[in-house]
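Text of the file coords.txt, holding compact mmCIF, C-alpha atoms:
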```
# COMPACT_ATOMS: atom_id res chain seq x y z
CA LEU A 264 -9.20 -7.09 -21.51
CA VAL A 265 -7.11 -3.91 -21.31
CA HIS A 266 -3.58 -3.91 -22.69
CA ILE A 267 -1.07 -2.88 -20.04
CA GLU A 268 0.52 -0.19 -22.17
CA GLU A 269 -2.91 1.23 -22.98
CA ALA A 270 -3.66 1.46 -19.24
CA ARG A 271 -0.36 3.24 -18.66
CA ARG A 272 -1.04 5.61 -21.57
CA PHE A 273 -4.47 6.47 -20.15
CA VAL A 274 -2.95 7.35 -16.76
CA ARG A 275 -0.19 9.42 -18.37
CA ASP A 276 -2.72 11.32 -20.48
CA CYS A 277 -4.81 12.14 -17.41
CA LEU A 278 -1.74 13.40 -15.56
CA LYS A 279 -0.57 15.39 -18.57
CA ARG A 280 -3.87 17.28 -18.59
CA ILE A 281 -3.17 18.61 -15.10
CA GLY A 282 0.42 19.59 -15.85
CA ALA A 283 2.46 16.65 -14.56
CA SER A 284 6.00 16.35 -15.92
CA GLU A 285 6.93 13.34 -18.06
CA SER A 286 8.97 11.85 -15.21
CA LYS A 287 5.98 12.12 -12.83
CA GLN A 288 3.65 10.70 -15.49
CA HIS A 289 5.92 7.66 -15.84
CA CYS A 290 6.38 7.22 -12.09
CA ILE A 291 2.67 7.39 -11.26
CA SER A 292 1.42 5.32 -14.20
CA GLU A 293 3.85 2.49 -13.39
CA PHE A 294 2.81 2.21 -9.77
CA ILE A 295 -0.95 2.45 -10.44
CA VAL A 296 -0.89 -0.24 -13.13
CA ALA A 297 1.34 -2.42 -10.92
CA ALA A 298 -1.54 -2.81 -8.46
CA ASP A 299 -3.86 -4.09 -11.20
CA ARG A 300 -1.12 -6.40 -12.52
CA ARG A 301 -0.94 -7.94 -9.05
CA GLY A 302 -4.73 -8.35 -8.93
CA ILE A 303 -5.20 -5.66 -6.26
CA TYR A 304 -7.87 -3.87 -8.27
CA GLY A 305 -9.10 -1.73 -5.37
CA CYS A 306 -5.76 0.11 -5.33
CA GLY A 307 -5.03 0.49 -9.06
CA LEU A 308 -6.89 2.38 -11.77
CA ASN A 309 -9.87 2.37 -9.43
CA GLN A 310 -8.11 5.03 -7.33
CA LEU A 311 -6.76 7.21 -10.14
CA ASP A 312 -9.49 9.77 -9.45
CA ILE A 313 -8.22 10.11 -5.86
CA TYR A 314 -4.78 11.15 -7.04
CA LEU A 315 -6.17 13.49 -9.71
CA ASN A 316 -8.56 15.16 -7.23
CA ASP A 317 -5.76 15.54 -4.67
CA LEU A 318 -3.69 17.32 -7.29
CA ARG A 319 -6.55 19.48 -8.61
CA ASN A 320 -7.53 20.56 -5.08
CA ASN A 321 -3.93 21.16 -4.00
CA ARG A 322 -3.99 18.48 -1.30
CA ALA A 323 -0.94 17.11 -3.12
CA ASN A 324 1.68 19.17 -4.95
CA ILE A 325 2.71 17.73 -8.34
CA GLU A 326 5.89 19.85 -8.33
CA ALA A 327 6.98 19.02 -4.78
CA GLU A 328 9.96 16.82 -3.97
CA PRO A 329 10.79 15.25 -0.59
CA GLU A 330 13.76 16.51 1.41
CA ILE A 331 15.81 15.10 4.27
CA ILE A 332 15.29 16.84 7.61
CA ARG A 333 18.06 14.97 9.45
CA GLU A 334 19.93 11.71 9.03
CA THR A 335 22.52 9.32 10.40
CA VAL A 336 24.36 6.51 8.66
CA ALA A 337 21.36 4.18 9.14
CA THR A 338 18.35 6.46 9.69
CA ALA A 339 16.65 9.46 8.12
CA HIS A 340 13.71 11.75 8.81
CA VAL A 341 12.09 13.02 5.61
CA ASN A 342 9.66 15.85 4.88
CA GLY A 343 7.44 14.81 1.98
CA ASN A 344 6.52 18.46 1.34
CA GLY A 345 3.00 17.45 0.34
CA ALA A 346 4.15 15.48 -2.71
CA LEU A 347 2.16 12.53 -4.00
CA GLY A 348 2.65 9.45 -1.84
CA VAL A 349 4.38 7.48 -4.60
CA VAL A 350 6.95 10.26 -5.03
CA VAL A 351 7.65 10.28 -1.30
CA GLY A 352 7.67 6.48 -1.14
CA ASN A 353 10.11 5.99 -4.01
CA PHE A 354 12.45 8.62 -2.55
CA CYS A 355 12.37 7.11 0.94
CA MET A 356 12.89 3.49 -0.10
CA ASP A 357 15.79 4.49 -2.37
CA LEU A 358 17.28 6.27 0.63
CA ALA A 359 16.70 3.27 2.92
CA VAL A 360 18.40 0.95 0.41
CA GLU A 361 21.43 3.24 0.16
CA LYS A 362 21.76 3.27 3.94
CA ALA A 363 21.39 -0.52 4.11
CA LYS A 364 24.35 -0.83 1.70
CA ASN A 365 26.54 0.93 4.26
CA ALA A 366 25.02 -0.01 7.60
CA GLY A 367 23.15 -3.28 6.96
CA VAL A 368 19.85 -1.53 7.63
CA GLY A 369 18.16 1.66 6.49
CA PHE A 370 15.30 3.12 8.54
CA VAL A 371 13.50 6.11 6.99
CA VAL A 372 10.52 7.93 8.49
CA ALA A 373 8.48 10.45 6.48
CA ASN A 374 5.79 13.00 7.25
CA GLN A 375 3.80 15.46 5.09
CA SER A 376 2.96 12.64 2.67
CA ASN A 377 -0.18 11.49 0.86
CA HIS A 378 -1.85 8.15 0.13
CA PHE A 379 0.79 5.95 -1.53
CA GLY A 380 -1.21 3.01 -2.95
CA ILE A 381 -0.05 -0.56 -2.40
CA ALA A 382 2.71 -0.81 0.20
CA SER A 383 4.28 -3.81 -1.57
CA TRP A 384 5.33 -1.52 -4.46
CA TYR A 385 8.01 -0.05 -2.17
CA ALA A 386 8.96 -3.28 -0.40
CA LEU A 387 9.60 -4.87 -3.81
CA GLN A 388 12.16 -2.16 -4.55
CA ALA A 389 14.28 -3.45 -1.67
CA LEU A 390 14.03 -7.00 -3.05
CA ASP A 391 15.69 -5.83 -6.27
CA TYR A 392 18.90 -5.38 -4.22
CA GLY A 393 18.57 -8.66 -2.33
CA TYR A 394 17.30 -6.85 0.76
CA ALA A 395 14.22 -7.33 2.89
CA GLY A 396 11.73 -4.47 2.67
CA LEU A 397 9.30 -3.40 5.40
CA VAL A 398 6.85 -0.57 4.70
CA MET A 399 4.04 0.95 6.77
CA SER A 400 1.64 3.88 6.44
CA ASN A 401 -1.16 5.35 8.47
CA GLY A 402 -4.35 6.62 6.89
CA ALA A 403 -7.72 8.27 7.35
CA PRO A 404 -9.83 6.97 10.26
CA VAL A 405 -12.05 4.41 8.54
CA MET A 406 -11.85 1.59 11.09
CA ALA A 407 -13.84 1.32 14.30
CA PRO A 408 -11.97 -0.08 17.31
CA PRO A 409 -13.72 -2.84 19.29
CA ARG A 410 -16.55 -1.44 21.45
CA SER A 411 -16.61 1.80 19.43
CA MET A 412 -19.51 3.17 17.39
CA VAL A 413 -17.26 5.49 15.36
CA SER A 414 -14.08 5.13 13.31
CA SER A 415 -11.07 6.62 15.04
CA ILE A 416 -8.12 4.89 13.41
CA GLY A 417 -7.00 4.03 9.90
CA ALA A 418 -7.03 0.58 8.32
CA ASN A 419 -3.29 1.13 8.36
CA CYS A 420 -1.21 -0.91 5.95
CA LEU A 421 1.93 -3.00 6.20
CA ALA A 422 4.06 -4.80 3.62
CA PHE A 423 7.04 -7.06 4.22
CA GLY A 424 8.92 -8.82 1.47
CA VAL A 425 12.09 -10.82 0.98
CA ARG A 426 13.48 -12.98 -1.80
CA GLY A 427 14.98 -16.47 -1.70
CA VAL A 428 16.82 -18.43 -4.38
CA ASP A 429 13.71 -20.09 -5.84
CA SER A 430 10.88 -18.44 -3.92
CA TYR A 431 9.87 -15.26 -2.22
CA PHE A 432 7.65 -13.97 0.58
CA MET A 433 5.51 -10.83 0.15
CA LEU A 434 2.99 -9.87 2.80
CA ASP A 435 0.80 -6.88 1.87
CA MET A 436 -2.11 -6.23 4.20
CA ALA A 437 -4.35 -3.72 5.89
CA ALA A 438 -5.18 -3.92 9.58
CA SER A 439 -8.87 -4.23 8.68
CA THR A 440 -10.59 -7.43 7.60
CA LYS A 441 -10.68 -5.96 4.08
CA ASP A 442 -9.30 -2.67 2.79
CA ILE A 443 -11.60 0.14 1.73
CA GLY A 444 -10.46 -0.15 -1.89
CA SER A 445 -11.95 -3.65 -2.04
CA ILE A 446 -15.30 -2.30 -0.82
CA GLU A 447 -15.19 0.43 -3.48
CA TRP A 448 -14.38 -2.21 -6.09
CA ALA A 449 -17.40 -4.29 -5.00
CA LEU A 450 -19.55 -1.15 -5.29
CA ILE A 451 -18.30 -0.53 -8.84
CA LYS A 452 -19.00 -4.15 -9.81
CA GLY A 453 -22.44 -4.13 -8.19
CA GLU A 454 -21.58 -6.96 -5.81
CA TYR A 455 -22.48 -7.64 -2.19
CA ILE A 456 -19.77 -7.78 0.47
CA PRO A 457 -19.49 -10.23 3.40
CA HIS A 458 -21.01 -8.95 6.65
CA SER A 459 -17.62 -9.35 8.32
CA TRP A 460 -16.08 -6.50 6.31
CA ALA A 461 -17.83 -3.36 7.54
CA ALA A 462 -20.73 -1.76 9.40
CA ASP A 463 -23.28 0.82 8.27
CA GLU A 464 -23.84 4.26 9.81
CA SER A 465 -25.86 2.71 12.65
CA GLY A 466 -23.07 0.33 13.57
CA TYR A 467 -24.72 -2.80 12.18
CA SER A 468 -22.80 -5.11 9.85
CA THR A 469 -23.82 -4.75 6.24
CA SER A 470 -23.52 -6.59 2.94
CA PHE A 471 -24.17 -3.43 0.90
CA PRO A 472 -20.97 -1.64 -0.16
CA MET A 473 -22.84 1.65 -0.66
CA LEU A 474 -23.90 1.65 3.01
CA ALA A 475 -20.40 0.68 4.09
CA MET A 476 -18.89 3.61 2.15
CA ARG A 477 -21.19 6.38 3.45
CA ASN A 478 -19.31 6.78 6.71
CA PRO A 479 -16.75 3.95 6.70
CA ARG A 480 -16.61 1.70 9.74
CA LEU A 481 -14.35 -1.15 8.62
CA ALA A 482 -13.98 -4.16 10.89
CA PRO A 483 -10.49 -4.79 12.32
CA ALA A 484 -8.80 -8.02 11.17
CA GLY A 485 -9.03 -10.50 14.02
CA ALA A 486 -11.10 -8.11 16.14
CA HIS A 487 -8.85 -6.49 18.78
CA LYS A 488 -5.69 -7.86 17.15
CA GLY A 489 -6.20 -5.87 13.96
CA TYR A 490 -7.01 -2.79 16.02
CA CYS A 491 -3.81 -3.20 18.05
CA LEU A 492 -1.77 -3.67 14.86
CA ALA A 493 -3.31 -0.50 13.38
CA ALA A 494 -2.53 1.42 16.57
CA MET A 495 1.11 0.27 16.51
CA ILE A 496 1.48 1.35 12.87
CA ASP A 497 -0.08 4.74 13.67
CA LEU A 498 2.31 5.23 16.58
CA LEU A 499 5.32 4.50 14.37
CA CYS A 500 4.12 6.34 11.27
CA GLY A 501 2.16 9.20 12.79
CA VAL A 502 3.38 9.92 16.29
CA LEU A 503 7.06 9.10 15.66
CA SER A 504 7.30 11.02 12.37
CA GLY A 505 5.55 14.21 13.45
CA ALA A 506 2.70 13.53 11.00
CA ASN A 507 -1.03 13.50 11.68
CA PHE A 508 -2.51 10.44 13.35
CA SER A 509 -5.87 8.93 14.25
CA THR A 510 -8.68 11.52 13.95
CA GLN A 511 -6.21 14.29 13.10
CA ILE A 512 -6.13 12.86 9.55
CA PRO A 513 -8.86 14.27 7.25
CA PRO A 514 -11.69 11.86 6.36
CA TRP A 515 -11.35 9.41 3.45
CA ARG A 516 -11.96 11.15 0.10
CA SER A 517 -12.10 14.50 1.89
CA ASN A 518 -13.10 17.47 -0.30
CA MET A 519 -11.05 19.95 1.71
CA GLU A 520 -8.85 22.13 -0.46
CA LYS A 521 -5.19 23.03 -0.04
CA GLN A 522 -4.73 20.73 2.94
CA CYS A 523 -2.24 17.88 2.75
CA PRO A 524 -3.45 15.04 4.98
CA ASN A 525 0.10 14.88 6.39
CA LEU A 526 0.31 11.09 6.45
CA GLY A 527 3.26 9.38 8.09
CA GLN A 528 5.14 6.46 6.54
CA ILE A 529 8.04 4.17 7.36
CA PHE A 530 10.44 2.48 4.94
CA ILE A 531 12.97 -0.08 6.14
CA ALA A 532 15.55 -1.98 4.08
CA ILE A 533 17.52 -4.81 5.71
CA ASP A 534 20.51 -6.68 4.32
CA PRO A 535 19.83 -10.24 5.56
CA THR A 536 23.35 -11.44 4.69
CA PHE A 537 24.62 -9.21 7.50
CA PHE A 538 23.13 -11.82 9.85
CA VAL A 539 23.35 -15.10 7.89
CA PRO A 540 25.14 -15.43 4.51
CA ASP A 541 22.83 -18.25 3.37
CA PHE A 542 19.61 -16.39 4.13
CA MET A 543 18.09 -16.92 0.67
CA ALA A 544 18.47 -20.68 0.87
CA ARG A 545 17.06 -20.66 4.41
CA LEU A 546 14.04 -18.69 3.18
CA ASP A 547 13.40 -21.34 0.51
CA ASP A 548 13.54 -24.01 3.24
CA PHE A 549 11.13 -21.98 5.39
CA ASN A 550 8.62 -21.64 2.57
CA GLU A 551 8.93 -25.33 1.72
CA CYS A 552 8.27 -26.32 5.35
CA ILE A 553 4.97 -24.49 5.21
CA LYS A 554 3.89 -25.57 1.72
CA LYS A 555 4.58 -29.29 2.22
CA CYS A 556 2.19 -29.52 5.17
CA THR A 557 -0.94 -31.56 4.45
CA PRO A 558 -3.72 -29.20 3.25
CA ALA A 559 -7.20 -29.42 4.73
CA SER A 560 -8.46 -29.85 1.15
CA PRO A 561 -6.33 -31.11 -1.77
CA ALA A 562 -8.21 -28.67 -4.01
CA HIS A 563 -6.86 -25.75 -1.98
CA PRO A 564 -3.09 -26.08 -1.46
CA ILE A 565 -1.29 -24.07 1.19
CA GLN A 566 -0.02 -20.71 -0.04
CA ILE A 567 2.84 -18.44 0.94
CA PRO A 568 2.03 -14.71 1.21
CA GLY A 569 2.47 -13.19 -2.24
CA GLU A 570 1.60 -16.34 -4.22
CA PRO A 571 -1.90 -15.23 -5.29
CA GLU A 572 -0.47 -11.96 -6.60
CA MET A 573 2.31 -13.79 -8.43
CA ARG A 574 -0.21 -16.11 -10.09
CA HIS A 575 -2.21 -13.11 -11.25
CA MET A 576 0.94 -11.53 -12.70
CA HIS A 577 1.59 -14.74 -14.63
CA LEU A 578 -1.99 -14.63 -15.93
CA VAL A 579 -1.52 -11.02 -17.06
CA ALA A 580 1.74 -11.96 -18.79
CA LYS A 581 0.01 -14.87 -20.55
CA LEU A 582 -2.89 -12.69 -21.70
CA GLY A 583 -0.72 -9.70 -22.48
CA ALA A 584 -3.41 -7.57 -20.85
CA LEU A 585 -5.28 -6.83 -17.63
CA PRO A 586 -8.32 -9.12 -17.23
```
Would you write out, as structure tokens, the structure that this file holds?
Amino acid sequence: LVHIEEARRFVRDCLKRIGASESKQHCISEFIVAADRRGIYGCGLNQLDIYLNDLRNNRANIEAEPEIIRETVATAHVNGNGALGVVVGNFCMDLAVEKAKNAGVGFVVANQSNHFGIASWYALQALDYGYAGLVMSNGAPVMAPPRSMVSSIGANCLAFGVRGVDSYFMLDMAASTKDIGSIEWALIKGEYIPHSWAADESGYSTSFPMLAMRNPRLAPAGAHKGYCLAAMIDLLCGVLSGANFSTQIPPWRSNMEKQCPNLGQIFIAIDPTFFVPDFMARLDDFNECIKKCTPASPAHPIQIPGEPEMRHMHLVAKLGALP
């Protein structure tokens, strides 16, 4: 077990060594530990070295702050200026929420950003105001489209969350069968992976995470459907924002110096009461309609997206530490 505050302290100490300000230390440590609290271990402390290497090699600028290129009452185009993804993400979702307060919806598009961790971190910020949050990001080409021997598109991520009176809905997913962080986590733990997750350098499915990581070829979720979803996200995040897209993005864990990957990201906040004043109660009814269906096995009840993560958070709270 690792106490949560000890995990945060470790992250802050690492960032302090490379010159991060106290505000950046707090910001980054909170969002990294949040992934582990939710049980998404492939995107938490496991990826701290990515952020530290990006900062040391000047792919991300610890001093940089995002700035607005242009905006309307409901939309904004943001230049991330090569800042860490979490800095860009927090700025953009705060901006989207402020616009939703005035216009019912806030739609913010960012370029010149970096990897921003779990997308649900930013969607949850919208929930704090009673809004729905929708977040997307493109990424390095680690997924092979159907009929392709090479990876040409990212396992691009999407998160959508909204809160009801007594329940909530939080989808957080990659367009691949499993995200690359989960394969790295299996490698660290010395475990095999299912053959459906990834292929080796020859294009054959593999159960060995080390082979899957050499030149990543992740399998799209639902075959062509996951590929199409990834392409849509890349069009919105990369093409629409003016960021890099597809093979323009440097490879995963690239060692190139002084080159921001120029990722594109989208942050949307929606005030659901603009459409129906009793939205929260209707969401509870929606969730109940799904959960009360007869499960295929009584030992495995039907779950709403976000429930496994919520259960893990309750476990962490009970233990007072990360398991």
- Message: Nearest residue to Ile451 in chain A out of A:Tyr304, A:Met436, A:Arg516, A:Cys552, using all atoms listed in the file?
- Response: A:Tyr304
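Closest approach to Lys521 in chain A among A:Ile281, A:Asn316, A:Lys287, A:Arg301 is made by A:Asn316 (distances from all atoms listed in the file).
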- Message: Just checking: using only C-alpha atoms, which residue out of A:Leu347, A:Ala562, A:Val341, A:Ile313 ends up closest to Cys523 in chain A?
- Response: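 For Cys523 in chain A, the nearest of the given residues is A:Leu347.
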- Pick out the closest residue to Ala339 in chain A from this set: A:Val372, A:Ala366, A:Ala395, A:Ala386. Count all atoms listed in the file. A:Val372
- Within 6 Å of (7.7, 16.5, 10.3), in the coordinates the file gives, what residues turn up when you count all atoms listed in the file, written out as an MDAnalysis selection string? chainID A and resid 342 374 504:506
What would the file look like if the residues just selected were written as a PDB file, in the frame of the given file with C-alpha atoms?
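Generated file (result_17.pdb):
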```pdb
ATOM      1  CA  ASN A 342       9.660  15.850   4.880  1.00  0.00           C
ATOM      2  CA  ASN A 374       5.790  13.000   7.250  1.00  0.00           C
ATOM      3  CA  SER A 504       7.300  11.020  12.370  1.00  0.00           C
ATOM      4  CA  GLY A 505       5.550  14.210  13.450  1.00  0.00           C
ATOM      5  CA  ALA A 506       2.700  13.530  11.000  1.00  0.00           C
TER       6      ALA A 506
END
```
